[in-house]
>>> print(open('query_23.pdb').read())   # PDB, C-alpha atoms
MODEL        1
ATOM      1  CA  MET U 120       0.000   0.000   0.000  1.00  0.00           C
ATOM      2  CA  ASN U 121       1.416   3.379  -0.997  1.00  0.00           C
ATOM      3  CA  LEU U 122       2.024   6.326   1.352  1.00  0.00           C
ATOM      4  CA  PRO U 123      -1.015   8.437   0.330  1.00  0.00           C
ATOM      5  CA  ASN U 124      -3.340   5.492   1.017  1.00  0.00           C
ATOM      6  CA  GLN U 125      -1.619   4.856   4.345  1.00  0.00           C
ATOM      7  CA  LEU U 126      -2.234   8.502   5.283  1.00  0.00           C
ATOM      8  CA  THR U 127      -5.892   8.134   4.324  1.00  0.00           C
ATOM      9  CA  ILE U 128      -6.234   5.022   6.492  1.00  0.00           C
ATOM     10  CA  PHE U 129      -4.478   6.850   9.337  1.00  0.00           C
ATOM     11  CA  ARG U 130      -7.032   9.670   8.982  1.00  0.00           C
ATOM     12  CA  ILE U 131      -9.896   7.156   9.113  1.00  0.00           C
ATOM     13  CA  ILE U 132      -8.402   5.634  12.283  1.00  0.00           C
ATOM     14  CA  LEU U 133      -8.221   9.114  13.849  1.00  0.00           C
ATOM     15  CA  ILE U 134     -11.989   9.642  13.437  1.00  0.00           C
ATOM     16  CA  PRO U 135     -13.156   7.326  16.268  1.00  0.00           C
ATOM     17  CA  ILE U 136     -10.314   8.602  18.481  1.00  0.00           C
ATOM     18  CA  PHE U 137     -11.486  12.154  17.759  1.00  0.00           C
ATOM     19  CA  ALA U 138     -15.059  11.144  18.661  1.00  0.00           C
ATOM     20  CA  VAL U 139     -14.011   9.475  21.928  1.00  0.00           C
ATOM     21  CA  VAL U 140     -12.058  12.568  22.970  1.00  0.00           C
ATOM     22  CA  LEU U 141     -15.134  14.719  22.300  1.00  0.00           C
ATOM     23  CA  MET U 142     -17.196  12.400  24.540  1.00  0.00           C
ATOM     24  CA  LEU U 143     -14.889  12.930  27.520  1.00  0.00           C
ATOM     25  CA  PRO U 144     -15.958  15.372  30.270  1.00  0.00           C
ATOM     26  CA  VAL U 145     -15.027  18.948  29.389  1.00  0.00           C
ATOM     27  CA  ASP U 146     -14.503  20.222  32.928  1.00  0.00           C
ATOM     28  CA  LEU U 147     -11.048  18.712  33.414  1.00  0.00           C
ATOM     29  CA  TRP U 148      -9.525  22.187  33.895  1.00  0.00           C
ATOM     30  CA  GLY U 149     -12.598  23.941  35.237  1.00  0.00           C
ATOM     31  CA  GLY U 150     -13.331  27.633  34.984  1.00  0.00           C
ATOM     32  CA  ASN U 151     -13.609  29.453  31.668  1.00  0.00           C
ATOM     33  CA  GLN U 152     -10.374  28.092  30.226  1.00  0.00           C
ATOM     34  CA  LEU U 153     -10.225  26.014  27.097  1.00  0.00           C
ATOM     35  CA  PRO U 154     -11.104  22.430  28.131  1.00  0.00           C
ATOM     36  CA  ILE U 155      -8.220  20.019  27.599  1.00  0.00           C
ATOM     37  CA  THR U 156     -10.540  17.613  25.772  1.00  0.00           C
ATOM     38  CA  HIS U 157     -11.382  20.279  23.191  1.00  0.00           C
ATOM     39  CA  LEU U 158      -7.713  21.171  22.803  1.00  0.00           C
ATOM     40  CA  VAL U 159      -6.789  17.504  22.237  1.00  0.00           C
ATOM     41  CA  ALA U 160      -9.709  17.113  19.798  1.00  0.00           C
ATOM     42  CA  ALA U 161      -8.493  20.205  17.920  1.00  0.00           C
ATOM     43  CA  ILE U 162      -4.989  18.759  17.663  1.00  0.00           C
ATOM     44  CA  ILE U 163      -6.345  15.449  16.365  1.00  0.00           C
ATOM     45  CA  PHE U 164      -8.519  17.298  13.844  1.00  0.00           C
ATOM     46  CA  ILE U 165      -5.586  19.432  12.670  1.00  0.00           C
ATOM     47  CA  VAL U 166      -3.363  16.353  12.250  1.00  0.00           C
ATOM     48  CA  ALA U 167      -6.126  14.608  10.294  1.00  0.00           C
ATOM     49  CA  SER U 168      -6.615  17.696   8.130  1.00  0.00           C
ATOM     50  CA  LEU U 169      -2.893  17.906   7.406  1.00  0.00           C
ATOM     51  CA  THR U 170      -2.839  14.251   6.321  1.00  0.00           C
ATOM     52  CA  ASP U 171      -5.635  15.110   3.896  1.00  0.00           C
ATOM     53  CA  THR U 172      -3.506  17.811   2.317  1.00  0.00           C
ATOM     54  CA  ALA U 173      -0.394  15.644   2.321  1.00  0.00           C
ATOM     55  CA  ASP U 174      -1.917  12.495   0.834  1.00  0.00           C
ATOM     56  CA  GLY U 175      -3.377  14.359  -2.131  1.00  0.00           C
ATOM     57  CA  GLN U 176      -0.169  16.226  -2.881  1.00  0.00           C
ATOM     58  CA  ILE U 177       1.974  13.111  -2.607  1.00  0.00           C
ATOM     59  CA  ALA U 178      -0.399  11.035  -4.738  1.00  0.00           C
ATOM     60  CA  ARG U 179      -0.437  13.601  -7.552  1.00  0.00           C
ATOM     61  CA  ARG U 180       3.263  14.466  -7.399  1.00  0.00           C
ATOM     62  CA  GLN U 181       4.469  10.863  -7.327  1.00  0.00           C
ATOM     63  CA  HIS U 182       1.736   9.500  -9.631  1.00  0.00           C
ATOM     64  CA  LEU U 183       0.352   7.281  -6.880  1.00  0.00           C
ATOM     65  CA  VAL U 184      -3.333   7.951  -7.508  1.00  0.00           C
ATOM     66  CA  THR U 185      -5.335   4.755  -6.953  1.00  0.00           C
ATOM     67  CA  ASN U 186      -9.005   3.799  -7.116  1.00  0.00           C
ATOM     68  CA  PHE U 187      -8.887   3.186  -3.362  1.00  0.00           C
ATOM     69  CA  GLY U 188      -7.543   6.701  -2.829  1.00  0.00           C
ATOM     70  CA  LYS U 189     -10.159   8.253  -5.113  1.00  0.00           C
ATOM     71  CA  PHE U 190     -12.858   6.593  -3.005  1.00  0.00           C
ATOM     72  CA  ALA U 191     -11.422   6.602   0.518  1.00  0.00           C
ATOM     73  CA  ASP U 192      -9.808  10.060   0.609  1.00  0.00           C
ATOM     74  CA  PRO U 193     -12.987  12.108   0.121  1.00  0.00           C
ATOM     75  CA  LEU U 194     -14.939   9.643   2.286  1.00  0.00           C
ATOM     76  CA  ALA U 195     -12.484  10.121   5.146  1.00  0.00           C
ATOM     77  CA  ASP U 196     -12.805  13.905   4.851  1.00  0.00           C
ATOM     78  CA  LYS U 197     -16.585  13.763   4.930  1.00  0.00           C
ATOM     79  CA  LEU U 198     -16.654  11.364   7.886  1.00  0.00           C
ATOM     80  CA  LEU U 199     -14.260  13.566   9.858  1.00  0.00           C
ATOM     81  CA  VAL U 200     -16.193  16.783   9.196  1.00  0.00           C
ATOM     82  CA  MET U 201     -19.604  15.212   9.777  1.00  0.00           C
ATOM     83  CA  THR U 202     -18.434  13.623  13.054  1.00  0.00           C
ATOM     84  CA  ALA U 203     -17.306  17.016  14.340  1.00  0.00           C
ATOM     85  CA  LEU U 204     -20.464  18.815  13.244  1.00  0.00           C
ATOM     86  CA  ILE U 205     -22.760  16.209  14.802  1.00  0.00           C
ATOM     87  CA  PHE U 206     -20.973  16.668  18.126  1.00  0.00           C
ATOM     88  CA  PHE U 207     -21.282  20.436  17.703  1.00  0.00           C
ATOM     89  CA  VAL U 208     -25.071  20.080  17.530  1.00  0.00           C
ATOM     90  CA  GLN U 209     -24.922  18.185  20.838  1.00  0.00           C
ATOM     91  CA  PHE U 210     -22.770  20.971  22.311  1.00  0.00           C
ATOM     92  CA  ASN U 211     -25.272  23.581  21.003  1.00  0.00           C
ATOM     93  CA  TRP U 212     -22.520  25.242  18.969  1.00  0.00           C
ATOM     94  CA  VAL U 213     -24.109  24.718  15.552  1.00  0.00           C
ATOM     95  CA  PRO U 214     -27.800  24.459  14.680  1.00  0.00           C
ATOM     96  CA  ALA U 215     -28.968  21.051  13.456  1.00  0.00           C
ATOM     97  CA  TRP U 216     -30.272  22.492  10.171  1.00  0.00           C
ATOM     98  CA  MET U 217     -26.733  23.564   9.205  1.00  0.00           C
ATOM     99  CA  VAL U 218     -25.410  20.067   9.830  1.00  0.00           C
ATOM    100  CA  ALA U 219     -28.332  18.612   7.878  1.00  0.00           C
ATOM    101  CA  VAL U 220     -27.448  20.837   4.906  1.00  0.00           C
ATOM    102  CA  VAL U 221     -23.820  19.659   5.030  1.00  0.00           C
ATOM    103  CA  VAL U 222     -24.732  15.975   5.403  1.00  0.00           C
ATOM    104  CA  ILE U 223     -27.355  16.059   2.641  1.00  0.00           C
ATOM    105  CA  ARG U 224     -24.974  17.832   0.248  1.00  0.00           C
ATOM    106  CA  GLU U 225     -22.127  15.441   0.961  1.00  0.00           C
ATOM    107  CA  LEU U 226     -24.294  12.348   0.512  1.00  0.00           C
ATOM    108  CA  ALA U 227     -25.891  13.743  -2.658  1.00  0.00           C
ATOM    109  CA  VAL U 228     -22.557  14.669  -4.238  1.00  0.00           C
ATOM    110  CA  THR U 229     -21.027  11.319  -3.259  1.00  0.00           C
ATOM    111  CA  GLY U 230     -23.971   9.539  -4.875  1.00  0.00           C
ATOM    112  CA  LEU U 231     -23.650  11.688  -7.973  1.00  0.00           C
ATOM    113  CA  ARG U 232     -19.921  10.969  -8.222  1.00  0.00           C
ATOM    114  CA  THR U 233     -20.693   7.254  -8.068  1.00  0.00           C
ATOM    115  CA  LEU U 234     -23.230   7.611 -10.887  1.00  0.00           C
ATOM    116  CA  ILE U 235     -20.759   9.531 -13.035  1.00  0.00           C
ATOM    117  CA  VAL U 236     -17.988   6.992 -12.548  1.00  0.00           C
ATOM    118  CA  GLU U 237     -20.335   4.084 -13.255  1.00  0.00           C
ATOM    119  CA  ASN U 238     -21.775   5.738 -16.369  1.00  0.00           C
ATOM    120  CA  ASN U 239     -18.648   7.023 -18.064  1.00  0.00           C
ATOM    121  CA  GLY U 240     -15.646   6.337 -15.836  1.00  0.00           C
ATOM    122  CA  THR U 241     -14.726   9.991 -15.313  1.00  0.00           C
ATOM    123  CA  VAL U 242     -14.362  11.908 -12.080  1.00  0.00           C
ATOM    124  CA  LEU U 243     -15.325  15.564 -11.875  1.00  0.00           C
ATOM    125  CA  ALA U 244     -12.488  17.415 -10.175  1.00  0.00           C
ATOM    126  CA  ALA U 245     -13.214  19.618  -7.184  1.00  0.00           C
ATOM    127  CA  ALA U 246     -13.738  23.224  -8.231  1.00  0.00           C
ATOM    128  CA  MET U 247     -12.765  26.311  -6.231  1.00  0.00           C
ATOM    129  CA  PRO U 248     -16.138  26.639  -4.403  1.00  0.00           C
ATOM    130  CA  GLY U 249     -15.722  23.071  -3.116  1.00  0.00           C
ATOM    131  CA  LYS U 250     -12.217  23.857  -1.918  1.00  0.00           C
ATOM    132  CA  ILE U 251     -13.485  26.990  -0.161  1.00  0.00           C
ATOM    133  CA  LYS U 252     -16.234  24.864   1.423  1.00  0.00           C
ATOM    134  CA  THR U 253     -13.704  22.392   2.761  1.00  0.00           C
ATOM    135  CA  THR U 254     -11.316  25.082   4.029  1.00  0.00           C
ATOM    136  CA  THR U 255     -14.036  27.065   5.804  1.00  0.00           C
ATOM    137  CA  GLN U 256     -15.530  23.894   7.318  1.00  0.00           C
ATOM    138  CA  MET U 257     -12.132  22.912   8.694  1.00  0.00           C
ATOM    139  CA  LEU U 258     -11.385  26.393  10.014  1.00  0.00           C
ATOM    140  CA  ALA U 259     -14.814  26.555  11.660  1.00  0.00           C
ATOM    141  CA  ILE U 260     -14.323  23.183  13.327  1.00  0.00           C
ATOM    142  CA  ILE U 261     -10.841  24.038  14.590  1.00  0.00           C
ATOM    143  CA  PHE U 262     -11.924  27.383  16.025  1.00  0.00           C
ATOM    144  CA  PHE U 263     -15.084  25.954  17.599  1.00  0.00           C
ATOM    145  CA  LEU U 264     -12.874  23.391  19.346  1.00  0.00           C
ATOM    146  CA  LEU U 265     -10.448  26.137  20.396  1.00  0.00           C
ATOM    147  CA  HIS U 266     -13.350  28.319  21.590  1.00  0.00           C
ATOM    148  CA  ASN U 267     -12.371  31.058  19.111  1.00  0.00           C
ATOM    149  CA  PHE U 268      -8.924  31.276  20.692  1.00  0.00           C
ATOM    150  CA  GLY U 269      -7.250  34.526  19.703  1.00  0.00           C
ATOM    151  CA  PHE U 270     -10.413  35.945  18.187  1.00  0.00           C
ATOM    152  CA  SER U 271     -12.305  35.876  21.486  1.00  0.00           C
ATOM    153  CA  LEU U 272      -9.923  38.547  22.804  1.00  0.00           C
ATOM    154  CA  ILE U 273     -11.215  40.972  20.173  1.00  0.00           C
ATOM    155  CA  HIS U 274     -14.792  39.627  20.437  1.00  0.00           C
ATOM    156  CA  VAL U 275     -14.928  38.220  16.909  1.00  0.00           C
ATOM    157  CA  PRO U 276     -16.948  34.973  16.641  1.00  0.00           C
ATOM    158  CA  PHE U 277     -14.584  33.577  14.000  1.00  0.00           C
ATOM    159  CA  ALA U 278     -15.853  29.974  14.154  1.00  0.00           C
ATOM    160  CA  GLN U 279     -19.451  31.118  13.773  1.00  0.00           C
ATOM    161  CA  ILE U 280     -18.546  33.318  10.801  1.00  0.00           C
ATOM    162  CA  MET U 281     -16.660  30.442   9.154  1.00  0.00           C
ATOM    163  CA  ILE U 282     -19.560  28.003   9.617  1.00  0.00           C
ATOM    164  CA  TRP U 283     -21.955  30.421   7.893  1.00  0.00           C
ATOM    165  CA  ILE U 284     -19.510  30.833   5.011  1.00  0.00           C
ATOM    166  CA  ALA U 285     -19.042  27.053   4.908  1.00  0.00           C
ATOM    167  CA  VAL U 286     -22.790  26.448   4.693  1.00  0.00           C
ATOM    168  CA  PHE U 287     -23.087  28.985   1.879  1.00  0.00           C
ATOM    169  CA  PHE U 288     -20.296  27.291  -0.096  1.00  0.00           C
ATOM    170  CA  THR U 289     -21.696  23.868   0.783  1.00  0.00           C
ATOM    171  CA  VAL U 290     -24.916  24.760  -1.007  1.00  0.00           C
ATOM    172  CA  TYR U 291     -23.217  26.700  -3.813  1.00  0.00           C
ATOM    173  CA  SER U 292     -20.649  24.002  -4.588  1.00  0.00           C
ATOM    174  CA  GLY U 293     -23.317  21.309  -4.428  1.00  0.00           C
ATOM    175  CA  VAL U 294     -25.493  23.144  -6.947  1.00  0.00           C
ATOM    176  CA  GLU U 295     -22.442  23.763  -9.137  1.00  0.00           C
ATOM    177  CA  TYR U 296     -21.466  20.091  -8.996  1.00  0.00           C
ATOM    178  CA  PHE U 297     -24.950  18.963 -10.016  1.00  0.00           C
ATOM    179  CA  TRP U 298     -24.977  21.546 -12.809  1.00  0.00           C
ATOM    180  CA  LYS U 299     -21.668  20.292 -14.196  1.00  0.00           C
ATOM    181  CA  ALA U 300     -22.955  16.719 -13.968  1.00  0.00           C
ATOM    182  CA  ARG U 301     -26.308  17.407 -15.603  1.00  0.00           C
ATOM    183  CA  PHE U 302     -25.236  15.200 -18.516  1.00  0.00           C
ATOM    184  CA  VAL U 303     -25.824  12.193 -16.239  1.00  0.00           C
ATOM    185  CA  PHE U 304     -29.472  13.125 -15.937  1.00  0.00           C
ATOM    186  CA  ALA U 305     -29.793  14.057 -19.615  1.00  0.00           C
ATOM    187  CA  ASP U 306     -28.583  10.592 -20.602  1.00  0.00           C
ATOM    188  CA  GLY U 307     -31.249   9.011 -18.461  1.00  0.00           C
ATOM    189  CA  PHE U 308     -28.782   6.917 -16.416  1.00  0.00           C
ATOM    190  CA  LYS U 309     -27.870   4.708 -19.363  1.00  0.00           C
TER     191      LYS U 309
ENDMDL
END
>>> encode(input="query_23.pdb", output="C-alpha cells")
Amino acid sequence: MNLPNQLTIFRIILIPIFAVVLMLPVDLWGGNQLPITHLVAAIIFIVASLTDTADGQIARRQHLVTNFGKFADPLADKLLVMTALIFFVQFNWVPAWMVAVVVIRELAVTGLRTLIVENNGTVLAAAMPGKIKTTTQMLAIIFFLLHNFGFSLIHVPFAQIMIWIAVFFTVYSGVEYFWKARFVFADGFK
C-alpha cells in the first residue's frame, strides 16, 4: 500500500479517536479556560486535516493515484467533518439544520460521483467553491474546538462566521457540482 493510502487510512483511524475525545468530560480544567478535551480534539482534527492535504499532494506528485484513494480520501474527509459537526449540535454550537445541509450535500454529491464513474468512468475534479467549502468547514471546526482562541480577545466569533460561510459554499458548490454533472441526468442513467 502506498504512502497516500496509508495517510488516508491513518485519517480514518483518527476519526473514532477524535469522537471518543469529544465524549470525555469537558470540565477537566474547570473555569472558563479552554477544556483540555477540546484542545486535544483540535490537535487530532488538525493532524487529520494535514494528512488530507499531504496524501493528495503526494499522490499527484508521485503518480500514486489509486481507485482506493479516489474513493477513501474524500470519504475520510466527509466522515471527519460530519463527526465534528454532529458533536457540535450536541454541544449547542451549531444548529442542526446547518449540519443537515452539510450531510445532505455530501451524501448527494457522493452519490452523484458514483453515478458519473459508473456511467462514463470519469471523475469531476473539485472546483474552487468546493475547496473553499472544505477550508471554511475545517477552520470553523478548529476554532469551535479552540473556543475562538485569539479571536475571542477581540470579540470576533470567527468559528461562527466560518460556519456560515461554509454552509453557503456547501450549497453553492453542491449546486455547481450537479450543474456540471447534468449530462448524467440528460442521458437518463444509461
>>> residues_near_point(input="query_23.pdb", point="(-25.5, 20.0, 1.7)", cutoff="10 Å", atoms="only C-alpha atoms", output="ChimeraX atom specification")
/U:217-228,286-294
>>> closest_residue(input="query_23.pdb", among="U:Ile177, U:Ala160, U:Ile280, U:Leu204", to="Asn121 (chain U)", atoms="only C-alpha atoms")
U:Ile177
>>> closest_residue(input="query_23.pdb", among="U:Trp283, U:Phe302, U:Phe187, U:Phe277", to="Pro214 (chain U)", atoms="only C-alpha atoms")
U:Trp283
>>> axis_aligned_box(input="query_23.pdb", around="region 124-143 of chain U", padding_each_side="3 Å", output="JSON")
{"center_x": -9.4, "center_y": 9.8, "center_z": 14.3, "size_x": 21.6, "size_y": 15.9, "size_z": 32.5}
>>> closest_residue(input="query_23.pdb", among="U:Val208, U:Ala161, U:Val184, U:Leu234", to="Leu258 (chain U)", atoms="all atoms listed in the file")
U:Ala161
>>> decode(input="query_23.pdb", residues="region 235-259 of chain U", atoms="N, CA, C and O atoms", output="PDB file, in the first residue's frame")
ATOM      1  N   ILE U 235     -21.605   9.063 -11.935  1.00  0.00           N
ATOM      2  CA  ILE U 235     -20.759   9.531 -13.035  1.00  0.00           C
ATOM      3  C   ILE U 235     -19.693   8.490 -13.356  1.00  0.00           C
ATOM      4  O   ILE U 235     -19.471   8.155 -14.522  1.00  0.00           O
ATOM      5  N   VAL U 236     -19.042   7.983 -12.327  1.00  0.00           N
ATOM      6  CA  VAL U 236     -17.988   6.992 -12.548  1.00  0.00           C
ATOM      7  C   VAL U 236     -18.569   5.735 -13.185  1.00  0.00           C
ATOM      8  O   VAL U 236     -17.991   5.173 -14.113  1.00  0.00           O
ATOM      9  N   GLU U 237     -19.719   5.296 -12.701  1.00  0.00           N
ATOM     10  CA  GLU U 237     -20.335   4.084 -13.255  1.00  0.00           C
ATOM     11  C   GLU U 237     -20.789   4.291 -14.695  1.00  0.00           C
ATOM     12  O   GLU U 237     -20.724   3.374 -15.506  1.00  0.00           O
ATOM     13  N   ASN U 238     -21.255   5.482 -15.027  1.00  0.00           N
ATOM     14  CA  ASN U 238     -21.775   5.738 -16.369  1.00  0.00           C
ATOM     15  C   ASN U 238     -20.695   5.977 -17.412  1.00  0.00           C
ATOM     16  O   ASN U 238     -20.811   5.513 -18.529  1.00  0.00           O
ATOM     17  N   ASN U 239     -19.653   6.751 -17.043  1.00  0.00           N
ATOM     18  CA  ASN U 239     -18.648   7.023 -18.064  1.00  0.00           C
ATOM     19  C   ASN U 239     -17.211   6.981 -17.564  1.00  0.00           C
ATOM     20  O   ASN U 239     -16.298   7.347 -18.283  1.00  0.00           O
ATOM     21  N   GLY U 240     -16.997   6.553 -16.334  1.00  0.00           N
ATOM     22  CA  GLY U 240     -15.646   6.337 -15.836  1.00  0.00           C
ATOM     23  C   GLY U 240     -14.851   7.583 -15.517  1.00  0.00           C
ATOM     24  O   GLY U 240     -13.671   7.502 -15.203  1.00  0.00           O
ATOM     25  N   THR U 241     -15.456   8.758 -15.600  1.00  0.00           N
ATOM     26  CA  THR U 241     -14.726   9.991 -15.313  1.00  0.00           C
ATOM     27  C   THR U 241     -15.035  10.469 -13.897  1.00  0.00           C
ATOM     28  O   THR U 241     -16.033  10.082 -13.297  1.00  0.00           O
ATOM     29  N   VAL U 242     -14.166  11.299 -13.386  1.00  0.00           N
ATOM     30  CA  VAL U 242     -14.362  11.908 -12.080  1.00  0.00           C
ATOM     31  C   VAL U 242     -14.312  13.416 -12.277  1.00  0.00           C
ATOM     32  O   VAL U 242     -13.372  13.931 -12.866  1.00  0.00           O
ATOM     33  N   LEU U 243     -15.349  14.105 -11.811  1.00  0.00           N
ATOM     34  CA  LEU U 243     -15.325  15.564 -11.875  1.00  0.00           C
ATOM     35  C   LEU U 243     -14.406  16.079 -10.770  1.00  0.00           C
ATOM     36  O   LEU U 243     -14.583  15.747  -9.605  1.00  0.00           O
ATOM     37  N   ALA U 244     -13.433  16.865 -11.148  1.00  0.00           N
ATOM     38  CA  ALA U 244     -12.488  17.415 -10.175  1.00  0.00           C
ATOM     39  C   ALA U 244     -13.181  18.453  -9.303  1.00  0.00           C
ATOM     40  O   ALA U 244     -14.132  19.106  -9.731  1.00  0.00           O
ATOM     41  N   ALA U 245     -12.667  18.605  -8.091  1.00  0.00           N
ATOM     42  CA  ALA U 245     -13.214  19.618  -7.184  1.00  0.00           C
ATOM     43  C   ALA U 245     -12.895  21.002  -7.736  1.00  0.00           C
ATOM     44  O   ALA U 245     -11.769  21.288  -8.132  1.00  0.00           O
ATOM     45  N   ALA U 246     -13.907  21.850  -7.758  1.00  0.00           N
ATOM     46  CA  ALA U 246     -13.738  23.224  -8.231  1.00  0.00           C
ATOM     47  C   ALA U 246     -13.440  24.128  -7.033  1.00  0.00           C
ATOM     48  O   ALA U 246     -13.513  23.701  -5.876  1.00  0.00           O
ATOM     49  N   MET U 247     -13.129  25.366  -7.289  1.00  0.00           N
ATOM     50  CA  MET U 247     -12.765  26.311  -6.231  1.00  0.00           C
ATOM     51  C   MET U 247     -13.848  26.450  -5.150  1.00  0.00           C
ATOM     52  O   MET U 247     -13.509  26.457  -3.962  1.00  0.00           O
ATOM     53  N   PRO U 248     -15.153  26.547  -5.487  1.00  0.00           N
ATOM     54  CA  PRO U 248     -16.138  26.639  -4.403  1.00  0.00           C
ATOM     55  C   PRO U 248     -16.100  25.439  -3.453  1.00  0.00           C
ATOM     56  O   PRO U 248     -16.276  25.602  -2.240  1.00  0.00           O
ATOM     57  N   GLY U 249     -15.837  24.249  -3.977  1.00  0.00           N
ATOM     58  CA  GLY U 249     -15.722  23.071  -3.116  1.00  0.00           C
ATOM     59  C   GLY U 249     -14.507  23.145  -2.216  1.00  0.00           C
ATOM     60  O   GLY U 249     -14.539  22.716  -1.055  1.00  0.00           O
ATOM     61  N   LYS U 250     -13.426  23.702  -2.733  1.00  0.00           N
ATOM     62  CA  LYS U 250     -12.217  23.857  -1.918  1.00  0.00           C
ATOM     63  C   LYS U 250     -12.428  24.907  -0.828  1.00  0.00           C
ATOM     64  O   LYS U 250     -11.962  24.749   0.298  1.00  0.00           O
ATOM     65  N   ILE U 251     -13.154  25.971  -1.169  1.00  0.00           N
ATOM     66  CA  ILE U 251     -13.485  26.990  -0.161  1.00  0.00           C
ATOM     67  C   ILE U 251     -14.381  26.376   0.908  1.00  0.00           C
ATOM     68  O   ILE U 251     -14.197  26.621   2.103  1.00  0.00           O
ATOM     69  N   LYS U 252     -15.346  25.565   0.484  1.00  0.00           N
ATOM     70  CA  LYS U 252     -16.234  24.864   1.423  1.00  0.00           C
ATOM     71  C   LYS U 252     -15.416  24.059   2.416  1.00  0.00           C
ATOM     72  O   LYS U 252     -15.598  24.177   3.630  1.00  0.00           O
ATOM     73  N   THR U 253     -14.511  23.252   1.900  1.00  0.00           N
ATOM     74  CA  THR U 253     -13.704  22.392   2.761  1.00  0.00           C
ATOM     75  C   THR U 253     -12.833  23.212   3.708  1.00  0.00           C
ATOM     76  O   THR U 253     -12.775  22.929   4.910  1.00  0.00           O
ATOM     77  N   THR U 254     -12.189  24.244   3.198  1.00  0.00           N
ATOM     78  CA  THR U 254     -11.316  25.082   4.029  1.00  0.00           C
ATOM     79  C   THR U 254     -12.105  25.775   5.130  1.00  0.00           C
ATOM     80  O   THR U 254     -11.687  25.776   6.300  1.00  0.00           O
ATOM     81  N   THR U 255     -13.254  26.355   4.781  1.00  0.00           N
ATOM     82  CA  THR U 255     -14.036  27.065   5.804  1.00  0.00           C
ATOM     83  C   THR U 255     -14.648  26.099   6.813  1.00  0.00           C
ATOM     84  O   THR U 255     -14.753  26.434   7.998  1.00  0.00           O
ATOM     85  N   GLN U 256     -15.031  24.898   6.365  1.00  0.00           N
ATOM     86  CA  GLN U 256     -15.530  23.894   7.318  1.00  0.00           C
ATOM     87  C   GLN U 256     -14.436  23.544   8.322  1.00  0.00           C
ATOM     88  O   GLN U 256     -14.684  23.494   9.526  1.00  0.00           O
ATOM     89  N   MET U 257     -13.227  23.307   7.811  1.00  0.00           N
ATOM     90  CA  MET U 257     -12.132  22.912   8.694  1.00  0.00           C
ATOM     91  C   MET U 257     -11.737  24.040   9.640  1.00  0.00           C
ATOM     92  O   MET U 257     -11.500  23.802  10.836  1.00  0.00           O
ATOM     93  N   LEU U 258     -11.691  25.261   9.134  1.00  0.00           N
ATOM     94  CA  LEU U 258     -11.385  26.393  10.014  1.00  0.00           C
ATOM     95  C   LEU U 258     -12.459  26.559  11.086  1.00  0.00           C
ATOM     96  O   LEU U 258     -12.141  26.800  12.262  1.00  0.00           O
ATOM     97  N   ALA U 259     -13.721  26.440  10.689  1.00  0.00           N
ATOM     98  CA  ALA U 259     -14.814  26.555  11.660  1.00  0.00           C
ATOM     99  C   ALA U 259     -14.671  25.503  12.750  1.00  0.00           C
ATOM    100  O   ALA U 259     -14.762  25.810  13.947  1.00  0.00           O
TER     101      ALA U 259
END
